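Enquirer: I am sharing query34.cif, which consists of mmCIF, N, CA, C and O atoms:
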data_input
#
loop_
_atom_site.label_atom_id
_atom_site.label_comp_id
_atom_site.auth_asym_id
_atom_site.auth_seq_id
_atom_site.Cartn_x
_atom_site.Cartn_y
_atom_site.Cartn_z
N MET I 22 0.82 -1.20 0.00
CA MET I 22 0.00 0.00 0.00
C MET I 22 0.86 1.25 0.00
O MET I 22 0.36 2.35 -0.04
N PHE I 23 2.15 1.11 0.04
CA PHE I 23 3.04 2.25 0.06
C PHE I 23 2.76 3.16 -1.13
O PHE I 23 2.68 2.73 -2.26
N GLY I 24 2.60 4.44 -0.85
CA GLY I 24 2.39 5.41 -1.91
C GLY I 24 0.96 5.58 -2.34
O GLY I 24 0.66 6.45 -3.13
N GLU I 25 0.03 4.78 -1.86
CA GLU I 25 -1.36 4.89 -2.25
C GLU I 25 -2.16 5.61 -1.16
O GLU I 25 -2.12 5.23 -0.01
N TYR I 26 -2.88 6.63 -1.57
CA TYR I 26 -3.75 7.33 -0.64
C TYR I 26 -5.02 6.52 -0.46
O TYR I 26 -5.35 5.68 -1.27
N ARG I 27 -5.76 6.83 0.60
CA ARG I 27 -7.06 6.20 0.79
C ARG I 27 -7.97 7.11 1.59
O ARG I 27 -7.52 7.84 2.46
N TYR I 28 -9.26 7.06 1.26
CA TYR I 28 -10.28 7.76 2.02
C TYR I 28 -10.96 6.78 2.96
O TYR I 28 -11.15 5.62 2.61
N GLU I 29 -11.34 7.26 4.11
CA GLU I 29 -12.14 6.47 5.04
C GLU I 29 -13.24 7.36 5.59
O GLU I 29 -13.03 8.54 5.83
N ILE I 30 -14.42 6.76 5.76
CA ILE I 30 -15.51 7.45 6.43
C ILE I 30 -15.40 7.07 7.90
O ILE I 30 -15.35 5.88 8.23
N GLU I 31 -15.30 8.06 8.76
CA GLU I 31 -15.11 7.78 10.19
C GLU I 31 -16.26 8.37 11.00
O GLU I 31 -16.67 9.51 10.78
N LYS I 32 -16.74 7.56 11.92
CA LYS I 32 -17.79 8.02 12.85
C LYS I 32 -17.10 8.72 14.01
O LYS I 32 -16.16 8.20 14.60
N ILE I 33 -17.55 9.92 14.29
CA ILE I 33 -17.01 10.69 15.41
C ILE I 33 -18.19 11.23 16.20
O ILE I 33 -19.33 11.13 15.77
N ASP I 34 -17.90 11.81 17.35
CA ASP I 34 -18.97 12.41 18.14
C ASP I 34 -19.70 13.44 17.28
O ASP I 34 -19.08 14.33 16.72
N GLY I 35 -20.98 13.28 17.17
CA GLY I 35 -21.77 14.25 16.43
C GLY I 35 -21.96 13.94 14.97
O GLY I 35 -22.60 14.70 14.26
N GLY I 36 -21.36 12.86 14.44
CA GLY I 36 -21.59 12.56 13.04
C GLY I 36 -20.48 11.76 12.38
O GLY I 36 -19.84 10.93 13.00
N PHE I 37 -20.26 12.09 11.09
CA PHE I 37 -19.29 11.39 10.26
C PHE I 37 -18.44 12.40 9.49
O PHE I 37 -18.90 13.48 9.16
N GLU I 38 -17.22 12.00 9.19
CA GLU I 38 -16.34 12.81 8.35
C GLU I 38 -15.58 11.87 7.44
O GLU I 38 -15.37 10.70 7.76
N PHE I 39 -15.18 12.38 6.24
CA PHE I 39 -14.28 11.58 5.43
C PHE I 39 -12.87 12.08 5.67
O PHE I 39 -12.62 13.26 5.84
N VAL I 40 -11.95 11.12 5.74
CA VAL I 40 -10.56 11.40 6.08
C VAL I 40 -9.69 10.83 4.98
O VAL I 40 -9.95 9.74 4.46
N LEU I 41 -8.65 11.56 4.62
CA LEU I 41 -7.69 11.10 3.62
C LEU I 41 -6.39 10.75 4.31
O LEU I 41 -5.87 11.53 5.12
N TYR I 42 -5.87 9.55 4.02
CA TYR I 42 -4.62 9.05 4.58
C TYR I 42 -3.62 8.79 3.47
O TYR I 42 -4.01 8.31 2.40
N PRO I 43 -2.33 9.04 3.71
CA PRO I 43 -1.31 8.69 2.72
C PRO I 43 -0.92 7.22 2.86
O PRO I 43 -1.09 6.63 3.92
N GLY I 44 -0.36 6.66 1.81
CA GLY I 44 0.09 5.27 1.87
C GLY I 44 1.37 5.08 2.62
O GLY I 44 1.60 4.04 3.24
N ASN I 45 2.24 6.09 2.62
CA ASN I 45 3.55 5.92 3.25
C ASN I 45 3.52 6.06 4.77
O ASN I 45 4.39 5.55 5.46
N ILE I 46 2.52 6.75 5.32
CA ILE I 46 2.32 6.84 6.77
C ILE I 46 0.83 6.60 7.00
O ILE I 46 0.05 7.53 7.17
N PRO I 47 0.40 5.33 6.97
CA PRO I 47 -1.02 5.02 6.88
C PRO I 47 -1.91 5.45 8.04
O PRO I 47 -3.12 5.45 7.90
N HIS I 48 -1.36 5.86 9.15
CA HIS I 48 -2.20 6.28 10.28
C HIS I 48 -2.15 7.78 10.52
O HIS I 48 -2.74 8.27 11.47
N GLN I 49 -1.46 8.51 9.67
CA GLN I 49 -1.37 9.97 9.81
C GLN I 49 -2.30 10.63 8.80
O GLN I 49 -2.15 10.46 7.61
N ARG I 50 -3.25 11.37 9.28
CA ARG I 50 -4.20 12.05 8.41
C ARG I 50 -3.52 13.09 7.54
O ARG I 50 -2.68 13.84 8.01
N ILE I 51 -3.96 13.16 6.30
CA ILE I 51 -3.62 14.31 5.47
C ILE I 51 -4.63 15.41 5.79
O ILE I 51 -4.28 16.57 5.93
N GLY I 52 -5.89 15.01 5.91
CA GLY I 52 -6.92 15.98 6.23
C GLY I 52 -8.27 15.32 6.36
O GLY I 52 -8.40 14.11 6.21
N GLN I 53 -9.28 16.16 6.61
CA GLN I 53 -10.62 15.66 6.82
C GLN I 53 -11.64 16.69 6.36
O GLN I 53 -11.33 17.86 6.21
N SER I 54 -12.86 16.19 6.19
CA SER I 54 -13.97 17.03 5.79
C SER I 54 -14.60 17.68 7.02
O SER I 54 -14.17 17.46 8.15
N GLN I 55 -15.64 18.43 6.77
CA GLN I 55 -16.47 18.91 7.87
C GLN I 55 -17.23 17.71 8.42
O GLN I 55 -17.17 16.61 7.86
N ILE I 56 -18.00 17.88 9.46
CA ILE I 56 -18.77 16.80 10.07
C ILE I 56 -20.17 16.79 9.46
O ILE I 56 -20.81 17.84 9.35
N TYR I 57 -20.62 15.59 9.08
CA TYR I 57 -21.95 15.39 8.51
C TYR I 57 -22.79 14.58 9.48
O TYR I 57 -22.28 13.73 10.20
N CYS I 58 -24.10 14.83 9.47
CA CYS I 58 -24.98 14.20 10.46
C CYS I 58 -25.19 12.71 10.22
O CYS I 58 -25.52 11.99 11.15
N ASP I 59 -25.02 12.24 8.98
CA ASP I 59 -25.14 10.80 8.76
C ASP I 59 -24.14 10.34 7.69
O ASP I 59 -23.59 11.14 6.95
N GLU I 60 -23.94 9.04 7.66
CA GLU I 60 -22.93 8.45 6.78
C GLU I 60 -23.26 8.66 5.31
O GLU I 60 -22.36 8.91 4.50
N LYS I 61 -24.51 8.59 4.96
CA LYS I 61 -24.92 8.77 3.56
C LYS I 61 -24.55 10.16 3.05
O LYS I 61 -24.01 10.32 1.96
N LEU I 62 -24.81 11.18 3.86
CA LEU I 62 -24.44 12.55 3.48
C LEU I 62 -22.93 12.69 3.35
O LEU I 62 -22.43 13.38 2.47
N CYS I 63 -22.20 12.03 4.24
CA CYS I 63 -20.74 12.10 4.22
C CYS I 63 -20.20 11.45 2.95
O CYS I 63 -19.31 11.99 2.30
N ARG I 64 -20.74 10.30 2.57
CA ARG I 64 -20.30 9.64 1.33
C ARG I 64 -20.61 10.51 0.11
O ARG I 64 -19.81 10.61 -0.81
N ARG I 65 -21.77 11.14 0.12
CA ARG I 65 -22.12 12.03 -0.99
C ARG I 65 -21.16 13.22 -1.03
O ARG I 65 -20.71 13.63 -2.11
N ALA I 66 -20.82 13.76 0.13
CA ALA I 66 -19.87 14.88 0.19
C ALA I 66 -18.49 14.45 -0.33
O ALA I 66 -17.83 15.23 -1.02
N LEU I 67 -18.07 13.24 -0.02
CA LEU I 67 -16.79 12.74 -0.53
C LEU I 67 -16.84 12.69 -2.06
O LEU I 67 -15.91 13.15 -2.73
N ASN I 68 -17.91 12.15 -2.61
CA ASN I 68 -18.04 12.08 -4.07
C ASN I 68 -18.04 13.48 -4.68
O ASN I 68 -17.43 13.71 -5.73
N GLU I 69 -18.72 14.42 -4.04
CA GLU I 69 -18.75 15.80 -4.52
C GLU I 69 -17.37 16.44 -4.44
O GLU I 69 -16.98 17.20 -5.34
N PHE I 70 -16.62 16.15 -3.38
CA PHE I 70 -15.27 16.68 -3.25
C PHE I 70 -14.38 16.17 -4.39
O PHE I 70 -13.65 16.92 -5.02
N VAL I 71 -14.46 14.87 -4.65
CA VAL I 71 -13.66 14.27 -5.73
C VAL I 71 -14.01 14.94 -7.06
O VAL I 71 -13.11 15.33 -7.82
N MET I 72 -15.28 15.09 -7.35
CA MET I 72 -15.69 15.72 -8.61
C MET I 72 -15.26 17.18 -8.66
O MET I 72 -14.83 17.67 -9.70
N PHE I 73 -15.36 17.87 -7.55
CA PHE I 73 -14.96 19.28 -7.46
C PHE I 73 -13.48 19.44 -7.82
O PHE I 73 -13.11 20.29 -8.63
N VAL I 74 -12.63 18.59 -7.25
CA VAL I 74 -11.19 18.66 -7.53
C VAL I 74 -10.91 18.31 -8.98
O VAL I 74 -10.13 19.00 -9.65
N LYS I 75 -11.55 17.28 -9.50
CA LYS I 75 -11.33 16.85 -10.88
C LYS I 75 -11.83 17.88 -11.88
O LYS I 75 -11.11 18.24 -12.81
N GLU I 76 -13.06 18.34 -11.70
CA GLU I 76 -13.67 19.27 -12.65
C GLU I 76 -12.93 20.60 -12.72
O GLU I 76 -12.89 21.24 -13.77
N ASN I 77 -12.34 21.01 -11.61
CA ASN I 77 -11.62 22.28 -11.58
C ASN I 77 -10.11 22.10 -11.74
O ASN I 77 -9.36 23.07 -11.66
N SER I 78 -9.68 20.85 -11.97
CA SER I 78 -8.25 20.53 -12.15
C SER I 78 -7.38 21.19 -11.08
O SER I 78 -6.40 21.86 -11.38
N ILE I 79 -7.75 20.98 -9.83
CA ILE I 79 -7.03 21.60 -8.72
C ILE I 79 -5.79 20.77 -8.41
O ILE I 79 -5.80 19.90 -7.56
N ASN I 80 -4.73 21.03 -9.17
CA ASN I 80 -3.47 20.31 -8.99
C ASN I 80 -2.34 21.20 -8.49
O ASN I 80 -1.20 20.78 -8.42
N GLN I 81 -2.69 22.43 -8.17
CA GLN I 81 -1.75 23.39 -7.58
C GLN I 81 -2.57 24.42 -6.80
O GLN I 81 -3.79 24.42 -6.87
N TYR I 82 -1.88 25.27 -6.08
CA TYR I 82 -2.57 26.30 -5.30
C TYR I 82 -3.37 27.17 -6.26
O TYR I 82 -2.82 27.76 -7.19
N MET I 83 -4.68 27.23 -6.05
CA MET I 83 -5.56 27.98 -6.95
C MET I 83 -6.65 28.69 -6.14
O MET I 83 -7.56 28.04 -5.65
N GLU I 84 -6.52 29.99 -6.02
CA GLU I 84 -7.62 30.74 -5.42
C GLU I 84 -8.71 30.85 -6.47
O GLU I 84 -8.40 30.95 -7.65
N PRO I 85 -9.97 30.79 -6.18
CA PRO I 85 -10.59 30.76 -4.87
C PRO I 85 -10.86 29.35 -4.34
O PRO I 85 -11.55 29.19 -3.35
N PHE I 86 -10.31 28.32 -5.02
CA PHE I 86 -10.59 26.95 -4.62
C PHE I 86 -9.75 26.47 -3.44
O PHE I 86 -10.15 25.55 -2.73
N THR I 87 -8.59 27.04 -3.27
CA THR I 87 -7.72 26.66 -2.16
C THR I 87 -7.29 27.89 -1.39
O THR I 87 -7.21 28.99 -1.94
N GLN I 88 -6.99 27.67 -0.13
CA GLN I 88 -6.57 28.76 0.75
C GLN I 88 -5.62 28.18 1.79
O GLN I 88 -5.83 27.07 2.27
N ILE I 89 -4.59 28.92 2.10
CA ILE I 89 -3.66 28.50 3.15
C ILE I 89 -3.69 29.55 4.24
O ILE I 89 -3.54 30.74 3.97
N LYS I 90 -3.92 29.08 5.45
CA LYS I 90 -3.95 29.98 6.61
C LYS I 90 -2.94 29.51 7.63
O LYS I 90 -2.80 28.31 7.88
N LYS I 91 -2.26 30.47 8.23
CA LYS I 91 -1.32 30.16 9.30
C LYS I 91 -2.05 30.31 10.63
O LYS I 91 -2.66 31.34 10.92
N VAL I 92 -1.98 29.25 11.43
CA VAL I 92 -2.56 29.26 12.78
C VAL I 92 -1.44 28.84 13.71
O VAL I 92 -0.92 27.72 13.62
N GLY I 93 -1.03 29.75 14.55
CA GLY I 93 0.12 29.48 15.40
C GLY I 93 1.36 29.34 14.52
O GLY I 93 1.66 30.20 13.71
N SER I 94 2.04 28.22 14.66
CA SER I 94 3.26 28.00 13.87
C SER I 94 3.04 27.05 12.69
O SER I 94 3.99 26.62 12.05
N HIS I 95 1.77 26.72 12.38
CA HIS I 95 1.49 25.77 11.31
C HIS I 95 0.60 26.38 10.22
O HIS I 95 -0.21 27.27 10.50
N TYR I 96 0.76 25.84 9.02
CA TYR I 96 -0.03 26.25 7.86
C TYR I 96 -1.05 25.17 7.54
O TYR I 96 -0.72 23.98 7.50
N TYR I 97 -2.28 25.58 7.31
CA TYR I 97 -3.39 24.67 7.02
C TYR I 97 -3.94 24.98 5.63
O TYR I 97 -4.25 26.14 5.34
N LEU I 98 -4.07 23.95 4.82
CA LEU I 98 -4.64 24.08 3.50
C LEU I 98 -6.13 23.78 3.59
O LEU I 98 -6.54 22.80 4.21
N LYS I 99 -6.92 24.63 2.96
CA LYS I 99 -8.36 24.43 2.93
C LYS I 99 -8.84 24.46 1.49
O LYS I 99 -8.38 25.27 0.69
N TYR I 100 -9.75 23.54 1.17
CA TYR I 100 -10.42 23.53 -0.12
C TYR I 100 -11.77 24.21 0.08
O TYR I 100 -12.51 23.86 1.00
N LEU I 101 -12.08 25.17 -0.78
CA LEU I 101 -13.30 25.95 -0.65
C LEU I 101 -14.19 25.76 -1.87
O LEU I 101 -13.74 25.84 -3.01
N LYS I 102 -15.46 25.51 -1.60
CA LYS I 102 -16.47 25.43 -2.65
C LYS I 102 -17.58 26.37 -2.24
O LYS I 102 -18.14 26.22 -1.15
N ASP I 103 -17.88 27.33 -3.09
CA ASP I 103 -18.89 28.34 -2.76
C ASP I 103 -18.58 29.03 -1.43
O ASP I 103 -19.45 29.25 -0.60
N ASN I 104 -17.30 29.32 -1.22
CA ASN I 104 -16.79 30.00 -0.03
C ASN I 104 -16.98 29.21 1.27
O ASN I 104 -16.90 29.78 2.35
N LYS I 105 -17.22 27.91 1.17
CA LYS I 105 -17.35 27.05 2.35
C LYS I 105 -16.22 26.02 2.33
O LYS I 105 -15.89 25.47 1.29
N VAL I 106 -15.66 25.76 3.49
CA VAL I 106 -14.58 24.78 3.60
C VAL I 106 -15.20 23.38 3.45
O VAL I 106 -16.09 23.01 4.21
N VAL I 107 -14.69 22.62 2.46
CA VAL I 107 -15.17 21.26 2.26
C VAL I 107 -14.14 20.21 2.68
O VAL I 107 -14.48 19.06 2.88
N PHE I 108 -12.89 20.65 2.81
CA PHE I 108 -11.82 19.73 3.22
C PHE I 108 -10.67 20.59 3.74
O PHE I 108 -10.36 21.63 3.17
N SER I 109 -10.05 20.16 4.84
CA SER I 109 -8.89 20.88 5.35
C SER I 109 -7.83 19.88 5.78
O SER I 109 -8.13 18.77 6.21
N THR I 110 -6.59 20.28 5.64
CA THR I 110 -5.47 19.40 5.95
C THR I 110 -5.01 19.59 7.39
O THR I 110 -5.36 20.56 8.05
N ARG I 111 -4.16 18.68 7.80
CA ARG I 111 -3.48 18.84 9.08
C ARG I 111 -2.50 20.01 8.92
O ARG I 111 -2.28 20.49 7.81
N GLY I 112 -1.91 20.45 10.00
CA GLY I 112 -0.99 21.56 9.94
C GLY I 112 0.39 21.16 9.44
O GLY I 112 0.87 20.05 9.73
N TYR I 113 1.01 22.04 8.69
CA TYR I 113 2.37 21.84 8.19
C TYR I 113 3.26 22.97 8.70
O TYR I 113 2.80 24.11 8.83
N GLU I 114 4.51 22.66 8.96
CA GLU I 114 5.43 23.67 9.48
C GLU I 114 5.80 24.71 8.44
O GLU I 114 6.12 25.85 8.79
N HIS I 115 5.77 24.33 7.17
CA HIS I 115 6.17 25.23 6.09
C HIS I 115 5.02 25.43 5.11
O HIS I 115 4.33 24.46 4.75
N LYS I 116 4.86 26.64 4.66
CA LYS I 116 3.80 26.95 3.70
C LYS I 116 3.96 26.14 2.42
O LYS I 116 2.98 25.66 1.85
N GLN I 117 5.19 25.95 1.98
CA GLN I 117 5.45 25.19 0.76
C GLN I 117 4.98 23.74 0.90
O GLN I 117 4.50 23.14 -0.06
N SER I 118 5.09 23.17 2.08
CA SER I 118 4.61 21.80 2.31
C SER I 118 3.09 21.73 2.16
O SER I 118 2.56 20.77 1.61
N ALA I 119 2.40 22.74 2.66
CA ALA I 119 0.94 22.79 2.51
C ALA I 119 0.56 22.91 1.03
O ALA I 119 -0.39 22.28 0.59
N LYS I 120 1.31 23.68 0.27
CA LYS I 120 1.05 23.81 -1.16
C LYS I 120 1.36 22.51 -1.90
O LYS I 120 0.64 22.12 -2.82
N LYS I 121 2.41 21.84 -1.49
CA LYS I 121 2.86 20.62 -2.18
C LYS I 121 1.83 19.50 -2.09
O LYS I 121 1.70 18.70 -3.02
N ILE I 122 1.10 19.42 -1.01
CA ILE I 122 0.14 18.33 -0.82
C ILE I 122 -0.99 18.40 -1.85
O ILE I 122 -1.61 17.38 -2.17
N ILE I 123 -1.25 19.56 -2.41
CA ILE I 123 -2.33 19.72 -3.39
C ILE I 123 -2.11 18.79 -4.59
O ILE I 123 -3.04 18.13 -5.03
N SER I 124 -0.89 18.72 -5.10
CA SER I 124 -0.64 17.85 -6.25
C SER I 124 -0.79 16.38 -5.88
O SER I 124 -1.27 15.58 -6.69
N GLY I 125 -0.43 16.00 -4.65
CA GLY I 125 -0.61 14.62 -4.20
C GLY I 125 -2.08 14.25 -4.09
O GLY I 125 -2.49 13.14 -4.48
N ILE I 126 -2.89 15.16 -3.59
CA ILE I 126 -4.32 14.91 -3.50
C ILE I 126 -4.91 14.77 -4.90
O ILE I 126 -5.67 13.84 -5.18
N TYR I 127 -4.52 15.67 -5.79
CA TYR I 127 -5.04 15.62 -7.16
C TYR I 127 -4.66 14.31 -7.85
O TYR I 127 -5.49 13.66 -8.48
N LYS I 128 -3.41 13.94 -7.71
CA LYS I 128 -2.92 12.72 -8.37
C LYS I 128 -3.63 11.47 -7.84
O LYS I 128 -3.80 10.50 -8.56
N ASN I 129 -4.05 11.49 -6.60
CA ASN I 129 -4.67 10.33 -5.95
C ASN I 129 -6.16 10.53 -5.68
O ASN I 129 -6.73 9.82 -4.85
N ILE I 130 -6.79 11.44 -6.37
CA ILE I 130 -8.17 11.81 -6.05
C ILE I 130 -9.15 10.66 -6.22
O ILE I 130 -10.16 10.59 -5.54
N ASP I 131 -8.85 9.70 -7.07
CA ASP I 131 -9.76 8.57 -7.28
C ASP I 131 -9.43 7.36 -6.43
O ASP I 131 -9.68 6.23 -6.81
N CYS I 132 -8.91 7.57 -5.24
CA CYS I 132 -8.48 6.45 -4.39
C CYS I 132 -9.62 5.84 -3.60
O CYS I 132 -9.41 5.01 -2.75
N ARG I 133 -10.85 6.23 -3.93
CA ARG I 133 -12.02 5.64 -3.25
C ARG I 133 -12.12 4.16 -3.58
O ARG I 133 -11.84 3.73 -4.67
N LYS I 134 -12.52 3.38 -2.62
CA LYS I 134 -12.64 1.94 -2.83
C LYS I 134 -14.10 1.53 -2.78
O LYS I 134 -14.90 2.13 -2.18
#
Take the structure in the file and write it out as structure tokens.
Expert:
Amino acid sequence: MFGEYRYEIEKIDGGFEFVLYPGNIPHQRIGQSQIYCDEKLCRRALNEFVMFVKENSINQYMEPFTQIKKVGSHYYLKYLKDNKVVFSTRGYEHKQSAKKIISGIYKNIDCRK
């Protein structure tokens, strides 16, 4: 599984979220969606996120679809659709690292099983 990304739907307090994991560090999140009230909505949101990235060819930093914000000492990448956050990454120490993950997500966008 090395090098292969994967999405998982995870149940958390208050609902469900889809989470993206890298193949090289399989237990470290790349990022997650907002929280949805049920699993069906979360799966639909995952499909919409995949189509959103593909249809807009988001393979690099592209405003208004992506945004990087610094919080404390870390940079967070957010994907925006209609000015709403649909997916956000974990924090990165360097802004360039947050930008670099965009191409990895794009390249592996169809990793749904």
Enquirer: Excluding Ile122 of chain I and any residue of its chain fewer than 4 positions from it, enumerate the residues within 10 Å of it, using only C-alpha atoms, and give them as a list in words.
Expert: Ile51, Asn80, Gln81, Tyr82, Leu98, Thr110, Tyr113, Gln117, Ser118, Ile126, Tyr127 and Lys128 of chain I
Enquirer: Give the answer as one residue: which of I:Ile79, I:Val106, I:Ile89, I:Ile46 has the shortest atom-to-atom distance to Lys120 of chain I, using only C-alpha atoms?
Expert: I:Ile89
Enquirer: Could you tell me how far atom C of Met72 of chain I sits from atom CA of Glu29 of chain I, in Å to one decimal place?
Expert: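 Taking atom CA of Glu29 of chain I and atom C of Met72 of chain I, their separation equals 17.7 Å.
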Enquirer: Apply DSSP to the structure's backbone, then extract all residues of segment 63-125 of chain I labelled helix (DSSP H, G or I) and return them as a list in words.
Expert: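 Helix (DSSP H, G or I) members of segment 63-125 of chain I, listed: Cys63, Arg64, Arg65, Ala66, Leu67, Asn68, Glu69, Phe70, Val71, Met72, Phe73, Val74, Lys75, Glu76, Lys116, Gln117, Ser118, Ala119, Lys120, Lys121, Ile122, Ile123, Ser124 and Gly125 of chain I.
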Enquirer: Find, counting all atoms listed in the file, the residue in I:Lys102, I:Arg27, I:Arg65, I:Arg111 that gets nearest to Gln53 of chain I.
Expert: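 Between I:Lys102, I:Arg27, I:Arg65, I:Arg111, the residue approaching Gln53 of chain I most closely is I:Arg111.
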Enquirer: Pick the closest to Phe73 of chain I from I:Ile30, I:Leu101, I:Cys58, I:Val40: which is it, counting all atoms listed in the file?
Expert: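 Nearest candidate to Phe73 of chain I out of I:Ile30, I:Leu101, I:Cys58, I:Val40: I:Leu101.
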Enquirer: Would you pick out the contacts of Arg64 of chain I at 8 Å or less, using all atoms listed in the file, so that residues sharing its chain but fewer than 6 positions from it are not included, and give the list as a short mmCIF file (atom, residue, chain, number, x, y, z; two decimals) with N, CA, C and O atoms, in the frame of the given file?
Expert:
data_model
loop_
_atom_site.label_atom_id
_atom_site.label_comp_id
_atom_site.auth_asym_id
_atom_site.auth_seq_id
_atom_site.Cartn_x
_atom_site.Cartn_y
_atom_site.Cartn_z
N ILE I 30 -14.42 6.76 5.76
CA ILE I 30 -15.51 7.45 6.43
C ILE I 30 -15.40 7.07 7.90
O ILE I 30 -15.35 5.88 8.23
N PHE I 37 -20.26 12.09 11.09
CA PHE I 37 -19.29 11.39 10.26
C PHE I 37 -18.44 12.40 9.49
O PHE I 37 -18.90 13.48 9.16
N GLU I 38 -17.22 12.00 9.19
CA GLU I 38 -16.34 12.81 8.35
C GLU I 38 -15.58 11.87 7.44
O GLU I 38 -15.37 10.70 7.76
N PHE I 39 -15.18 12.38 6.24
CA PHE I 39 -14.28 11.58 5.43
C PHE I 39 -12.87 12.08 5.67
O PHE I 39 -12.62 13.26 5.84
N TYR I 57 -20.62 15.59 9.08
CA TYR I 57 -21.95 15.39 8.51
C TYR I 57 -22.79 14.58 9.48
O TYR I 57 -22.28 13.73 10.20
N PHE I 70 -16.62 16.15 -3.38
CA PHE I 70 -15.27 16.68 -3.25
C PHE I 70 -14.38 16.17 -4.39
O PHE I 70 -13.65 16.92 -5.02
N VAL I 71 -14.46 14.87 -4.65
CA VAL I 71 -13.66 14.27 -5.73
C VAL I 71 -14.01 14.94 -7.06
O VAL I 71 -13.11 15.33 -7.82
#
Enquirer: Give me, please, the distance in Å between atom CA of Leu62 of chain I and atom CA of Asp34 of chain I, quoted to one decimal.
Expert: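 These atoms are spaced 15.6 Å apart.
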Enquirer: Report as a ChimeraX atom specification: the residues of chain I with a DSSP assignment of strand (DSSP E), based on the backbone of this structure.
Expert: /I:27-33,36-42,52-53,87-92,95-102,105-110
Enquirer: Find the spatial neighbours of Lys116 of chain I, counting only C-alpha atoms, within a cut-off of 10 Å - ignore same-chain residues fewer than 5 positions away - and output them as a ChimeraX atom specification.
Expert: /I:89-91,95-98,121
Enquirer: Using only N, CA, C and O atoms, which of I:Asp59, I:Ser78, I:Gln49, I:Lys99 sits nearest Gly35 of chain I?
Expert: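 That would be I:Asp59, the residue with the smallest distance to Gly35 of chain I.
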Enquirer: To one decimal in Å, tell me the separation between atom CA of Tyr42 of chain I and atom CA of Gln88 of chain I.
Expert: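 Interatomic distance here is 20.2 Å.
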Enquirer: Out of I:Glu84, I:Pro43, I:Ser124, I:Lys32, which residue has the shortest atom-to-atom distance to Glu60 of chain I when counting only N, CA, C and O atoms?
Expert: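 Among I:Glu84, I:Pro43, I:Ser124, I:Lys32, it is I:Lys32 that comes nearest to Glu60 of chain I.
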Enquirer: Between I:Gln55, I:Ser94, I:Thr87, I:Asn77, which is the closest to Val107 of chain I once you count all atoms listed in the file?
Expert: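 Ranked by minimum distance to Val107 of chain I, first place goes to I:Gln55.
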Enquirer: Model the absent atoms of segment 38-42 of chain I so that all heavy atoms are present, and write the result as a PDB file, keeping the file's coordinate frame.
Expert:
ATOM      1  N   GLU I  38     -17.220  12.000   9.190  1.00  0.00           N
ATOM      2  CA  GLU I  38     -16.340  12.810   8.350  1.00  0.00           C
ATOM      3  C   GLU I  38     -15.580  11.870   7.440  1.00  0.00           C
ATOM      4  O   GLU I  38     -15.370  10.700   7.760  1.00  0.00           O
ATOM      5  CB  GLU I  38     -15.372  13.649   9.179  1.00  0.00           C
ATOM      6  CG  GLU I  38     -14.390  12.846   9.995  1.00  0.00           C
ATOM      7  CD  GLU I  38     -13.500  13.687  10.897  1.00  0.00           C
ATOM      8  OE1 GLU I  38     -13.627  14.923  10.917  1.00  0.00           O
ATOM      9  OE2 GLU I  38     -12.665  13.089  11.584  1.00  0.00           O
ATOM     10  N   PHE I  39     -15.180  12.380   6.240  1.00  0.00           N
ATOM     11  CA  PHE I  39     -14.280  11.580   5.430  1.00  0.00           C
ATOM     12  C   PHE I  39     -12.870  12.080   5.670  1.00  0.00           C
ATOM     13  O   PHE I  39     -12.620  13.260   5.840  1.00  0.00           O
ATOM     14  CB  PHE I  39     -14.668  11.542   3.938  1.00  0.00           C
ATOM     15  CG  PHE I  39     -14.639  12.855   3.196  1.00  0.00           C
ATOM     16  CD1 PHE I  39     -13.467  13.336   2.639  1.00  0.00           C
ATOM     17  CD2 PHE I  39     -15.812  13.568   3.009  1.00  0.00           C
ATOM     18  CE1 PHE I  39     -13.446  14.516   1.910  1.00  0.00           C
ATOM     19  CE2 PHE I  39     -15.808  14.764   2.283  1.00  0.00           C
ATOM     20  CZ  PHE I  39     -14.623  15.236   1.743  1.00  0.00           C
ATOM     21  N   VAL I  40     -11.950  11.120   5.740  1.00  0.00           N
ATOM     22  CA  VAL I  40     -10.560  11.400   6.080  1.00  0.00           C
ATOM     23  C   VAL I  40      -9.690  10.830   4.980  1.00  0.00           C
ATOM     24  O   VAL I  40      -9.950   9.740   4.460  1.00  0.00           O
ATOM     25  CB  VAL I  40     -10.197  10.747   7.443  1.00  0.00           C
ATOM     26  CG1 VAL I  40      -8.754  11.023   7.802  1.00  0.00           C
ATOM     27  CG2 VAL I  40     -11.127  11.247   8.538  1.00  0.00           C
ATOM     28  N   LEU I  41      -8.650  11.560   4.620  1.00  0.00           N
ATOM     29  CA  LEU I  41      -7.690  11.100   3.620  1.00  0.00           C
ATOM     30  C   LEU I  41      -6.390  10.750   4.310  1.00  0.00           C
ATOM     31  O   LEU I  41      -5.870  11.530   5.120  1.00  0.00           O
ATOM     32  CB  LEU I  41      -7.442  12.204   2.585  1.00  0.00           C
ATOM     33  CG  LEU I  41      -6.452  11.904   1.477  1.00  0.00           C
ATOM     34  CD1 LEU I  41      -6.868  10.685   0.656  1.00  0.00           C
ATOM     35  CD2 LEU I  41      -6.295  13.118   0.565  1.00  0.00           C
ATOM     36  N   TYR I  42      -5.870   9.550   4.020  1.00  0.00           N
ATOM     37  CA  TYR I  42      -4.620   9.050   4.580  1.00  0.00           C
ATOM     38  C   TYR I  42      -3.620   8.790   3.470  1.00  0.00           C
ATOM     39  O   TYR I  42      -4.010   8.310   2.400  1.00  0.00           O
ATOM     40  CB  TYR I  42      -4.844   7.740   5.340  1.00  0.00           C
ATOM     41  CG  TYR I  42      -5.648   7.873   6.595  1.00  0.00           C
ATOM     42  CD1 TYR I  42      -7.017   7.645   6.589  1.00  0.00           C
ATOM     43  CD2 TYR I  42      -5.044   8.220   7.794  1.00  0.00           C
ATOM     44  CE1 TYR I  42      -7.768   7.754   7.748  1.00  0.00           C
ATOM     45  CE2 TYR I  42      -5.788   8.334   8.961  1.00  0.00           C
ATOM     46  CZ  TYR I  42      -7.144   8.100   8.929  1.00  0.00           C
ATOM     47  OH  TYR I  42      -7.883   8.212  10.086  1.00  0.00           O
TER      48      TYR I  42
END
